[in-house]
Structures are given as C-alpha cells and as structure tokens.
Amino acid sequence: MKAVDRRTFLRIAGMSLGAGALYRVAPAWASDGPAAETARRQAETNGEAVTPFTFVQLSDTHVGFAGPPNPTGTRAFERAVEIVNALPVQPELVLFTGDLTHESEVPGEHAARMKRFGEIASRLRAPARKMVPGEHDAGLDGGALYRSVFGETSYSFDHRGVHFVALDNVSRAKPEVGAAQLAWMKQDLARFPATAPIVVFTHRPLFDLKPDWEWFTRDGDAVMAVLAPFENVTVLYGHIHREDVRRDAHAVHYAARSLIFAFPDPAKAPDKKPVAFDQERPFRNLGLRTVRCGAAAGTSPRSVSCEEVELSMRRYSGTEGFAQVLKPSSL
Amino acid sequence: MTSAARRTCLALLASLLATGAPARGAEPRVVEIVARRFEFSPALITLKKGETVTLRLKSLDVTHGFFQKALGIDLEIEPGKVTEMTLTPLTEGRYLTICDHFCGSGHGSMKLTIVVE
C-alpha cells in the first residue's frame, strides 16, 4: 500500500442556497476513494480524525428598512432563518457581514431595530452567531450603539482549525480599516503558519470593486498585504447586495446577496439604483429562493438551487495543518 | 518694440488666451460646490481638459466626503470651513464624485458629475 504522507487537503466548499452562503470545511479524506480510506485510517491511528463543520453567511438584513425596493421588511430575513434551520446538516456558526439594521435618527429607534435584529437572529438553531457592522449600523456614531448591543466590531476566534477574523471597515465613517486595526490584525495573525486557513469576514469589499459606487476599502491593499503570507485565505463580505466572486494572488473574495433588495451589475448598469421590487417574485435576487410571498393555496415551494463555490483550496503541508485543525474552538 | 515684435507678442498673448492658460498672475477659475444631506450643488460641473480650476467646497450641515479616484480628489468637507483644492484634469470624460463619509440614510445618493471636455 502506498504510504500516505502527512499532507492533508482542507477543502472548503461553499454552497449558495439562496439563503446566504453555506460553507463546509472538511479534510480531504472526507471524499471517497482508496486514498481517502487510507488517510482516514491513518488519521484515526494518529488520533487526528476531524469531523467536518459547516457555517452560513447571511448579509445586509437592514432591519428597519421599508421602501419601494422592498416593502416586505424583514420577511426575507425571517425566511432565511427558517431555511437555515431546516438544513439537513446544521451549521455550527452563522456569520452576519454587516448592515444588520438600517439607521434611524429618531431617538431610540435605531436601538429598537438592533433589538429586533437580535430577536430574529436568535431563532437560528446554530449554536454560534458572529457579526460585523455595516455603515448603516455604525457609520453615524463610530459604532458606539452597535458596541453597546452586539459587542466589539473587530475580533478573532478559532473553530476546528479555521481562524476567523472579523474586520471593521465602517465605524470610521470613511470606508477604511485604519492603522490601529491593521496593526492588531498583523499581531493576531503572527502566531499562525502560512498554511493556516483564514476566513476574514467584513462588510465592504477589500478591493476596488466599484469605487464610484463606494464599493471599496481605502486601505484594502494594506489589509491584503497583511494576509499575503497566508496560502488559504477567504474573504466574506456584503455591502454590494449581490453575489460576486473574485480571486487574487492570495485570496478568494465572496460577496453575499442581501436580504433586503439587490443592486444591479455595475458593469452593465449606469446608476447604482436598487433593482425594482417584483410583486410576483418578491425575494428575487435576495439570498432566498424557496418561498413565494402571497402564493396561491396549493402552490408548492420551489426547490432550493445550490451553487458549489469552492473557497481557497490549497494543499496543506507538514503537520501544521493537522495541528491547526485539532486546536480547540475558542468560539 | 518693432511692429513685427509687437504683432508677435499680441499673437502669443492671443494664443495663450485661446488655450485657457492663465495669464501670468491670474487666479484659476473657482467652482463653488455646496454639500448638504443628501446632495451636492450643483450636481454637474463642466471643466476643460488642461484647465486649472479651484474647487471651493463647503458643507451646510455635517461632514461630507468628496471622492473621485481617477481625478485624485479625496477631501473631507467639514461644516463651518471652506475646503479648497486645485485641479487640472488631463483626460476627457465623465467622472462620478461621491460622498465617502457616511452621513445618513441618503448618503448613497450624494453624487456630483464632473464632465471634462
């Protein structure tokens, strides 16, 4: 039998359910085949068997927003929660990538919207929920209200060998991370080997997707420079209210659809105007595809369509990969 | 000065005026822009390629940004102050300038188009 070396393949596969994006993290021996079986037995012998885990990204719920592009308010968000709860394999974590709420300058109203967001999010069965703010959550007051309700706007944690970094590029009012957060991020990542899987979740794109539409981060290049030494980097973000996938030399960037209204393709649309509400398909272009609002009696829900989105999938090398995967979760 | 030299000087001066280059000592044209939640006024300005202008901006309420990457515009407009920058656009086109300092629910609709022709 051919000896299996200590390399392992950490496979991160994402599926866009229409209810956000579902990511599965699994070692390569989760696949089938003789080599996989050998790897599995070897892992068990070495005490390194790891079970896969899944997590979900939801974004731009804008609780409190009500307007022509979406008169249904939180219905899409609530439906997304139902869909996630009905998944055959429950995610261990749900990440929210900003604009949880829509701001209000009426005294007490924004806090009420944050409370409402929390109520809906608490219906998720997933044991852990983590979030970052969007500019609508934190842009007007530097994040003060957000912090009082949800906690810190940037932080990190580990789960089953994946290091998650929550990055705030909205609280400074300008689309930027800032020098202090960059320094923190560099220090936070210093203890990891180059092969460690890193998932950065933030609100705005970390590259110049469309600066004229404020779809960028001013110091995004500096953030990516901090991440450059790492081979397995995935960036999850929201803000643009549409799906997008971009690969650069060091990372793959995934944007999630919103749960309020969609923006058009900037390559085709002259203006950044929300896609019009479709009364026949009220959740069209949102992160949700299975429910028809106001459907006639007896209409069956449409099936969920899934997209396999492969996140940074590079080879692990040496035993560092095993050690990363076996580290206890700090969630 | 001979009449020929005088004619040459006059022709040169006329040429300079025709290209829009300021005569020695002349200040650049000033374009006044006002920012308020949630609009820039005027919403469109037209500049000539190669013309040096001074953008003079003020805010009537809160801090606004004024950002256009291709033209190298990156300003903060604070209320109670006048913010100025000198600009010499070198390429024709339409440039969308945005507020990139979050200022409230209508922030995304704050834009000014700079036409360079």
# chains A, B, ... in the order shown; residues from 1 in each chain; ligands from 1
$ closest_atom_pairs --of "chain B" --to "chain A" --cutoff "10 Å" --atoms "only C-alpha atoms" --output "JSON lines"
{"residue": "B:Thr63", "atom": "CA", "partner": "A:Ala173", "partner_atom": "CA", "distance": 9.8}
{"residue": "B:His64", "atom": "CA", "partner": "A:Lys174", "partner_atom": "CA", "distance": 9.7}
{"residue": "B:Gly65", "atom": "CA", "partner": "A:Lys174", "partner_atom": "CA", "distance": 8.0}
{"residue": "B:Phe67", "atom": "CA", "partner": "A:Asp212", "partner_atom": "CA", "distance": 8.3}
{"residue": "B:Gln68", "atom": "CA", "partner": "A:Asp212", "partner_atom": "CA", "distance": 7.1}
{"residue": "B:Lys69", "atom": "CA", "partner": "A:Pro211", "partner_atom": "CA", "distance": 7.3}
{"residue": "B:Ala70", "atom": "CA", "partner": "A:Asp212", "partner_atom": "CA", "distance": 9.6}
{"residue": "B:Glu76", "atom": "CA", "partner": "A:Lys174", "partner_atom": "CA", "distance": 9.7}
{"residue": "B:Tyr95", "atom": "CA", "partner": "A:Asp212", "partner_atom": "CA", "distance": 8.4}
{"residue": "B:Leu96", "atom": "CA", "partner": "A:Asp212", "partner_atom": "CA", "distance": 6.0}
{"residue": "B:Thr97", "atom": "CA", "partner": "A:Asp212", "partner_atom": "CA", "distance": 6.8}
{"residue": "B:Ile98", "atom": "CA", "partner": "A:Asp212", "partner_atom": "CA", "distance": 6.6}
{"residue": "B:Cys99", "atom": "CA", "partner": "A:Glu214", "partner_atom": "CA", "distance": 8.5}
{"residue": "B:Asp100", "atom": "CA", "partner": "A:Lys174", "partner_atom": "CA", "distance": 5.8}
{"residue": "B:His101", "atom": "CA", "partner": "A:Lys174", "partner_atom": "CA", "distance": 4.8}
{"residue": "B:Phe102", "atom": "CA", "partner": "A:Ala173", "partner_atom": "CA", "distance": 5.0}
{"residue": "B:Cys103", "atom": "CA", "partner": "A:Leu140", "partner_atom": "CA", "distance": 6.4}
{"residue": "B:Gly104", "atom": "CA", "partner": "A:Leu140", "partner_atom": "CA", "distance": 6.7}
{"residue": "B:Ser105", "atom": "CA", "partner": "A:Glu103", "partner_atom": "CA", "distance": 6.7}
{"residue": "B:His107", "atom": "CA", "partner": "A:His136", "partner_atom": "CA", "distance": 9.9}
{"residue": "B:Gly108", "atom": "CA", "partner": "A:Trp213", "partner_atom": "CA", "distance": 7.9}
{"residue": "B:Ser109", "atom": "CA", "partner": "A:Lys272", "partner_atom": "CA", "distance": 8.6}
{"residue": "B:Lys111", "atom": "CA", "partner": "A:Asp212", "partner_atom": "CA", "distance": 9.1}
$ atom_distance --atom1 "CA of Ile260 in chain A" --atom2 "CA of Thr97 in chain A"
13.6 Å
$ atom_distance --atom1 "CA of Phe150 in chain A" --atom2 "CA of Asn169 in chain A"
16.2 Å
$ select_by_dssp --residues "range 104-180 of chain A" --states "helix (DSSP H, G or I)" --output "list in words"
Glu109, His110, Ala111, Ala112, Arg113, Met114, Lys115, Arg116, Phe117, Gly118, Glu119, Ile120, Ala121, Glu135, His136, Asp137, Ala138, Ala144, Leu145, Tyr146, Arg147, Ser148, Val149, Phe150, Ala179 and Ala180 of chain A
$ closest_residue --among "A:Glu119, A:Glu109, A:Asp137, A:Asp188" --to "His239 in chain A" --atoms "only C-alpha atoms"
A:Asp137
$ atom_distance --atom1 "CA of Lys115 in chain A" --atom2 "CA of Val235 in chain A"
27.5 Å
$ closest_residue --among "B:Val115, B:Ala35, B:Ile77, B:Val30" --to "Thr52 in chain B" --atoms "only C-alpha atoms"
B:Val30
$ closest_residue --among "B:Leu87, B:Val62, B:Val82, B:Ile45" --to "Thr113 in chain B" --atoms "only C-alpha atoms"
B:Ile45
$ select_by_dssp --residues "range 206-283 of chain A" --states "strand (DSSP E)" --output "list in words"
Asn232, Val233, Thr234, Val235, Leu236, Tyr237, Asp244, Val245, Arg246, Arg247, Ala251, Val252, His253, Tyr254 and Ala255 of chain A
$ closest_residue --among "B:Asp74, B:Glu39, B:Glu92, B:Glu27" --to "Val53 in chain B" --atoms "only C-alpha atoms"
B:Glu27
$ closest_residue --among "B:Leu60, B:Thr54, B:Ile73, B:Gly106" --to "Val31 in chain B" --atoms "only C-alpha atoms"
B:Thr54
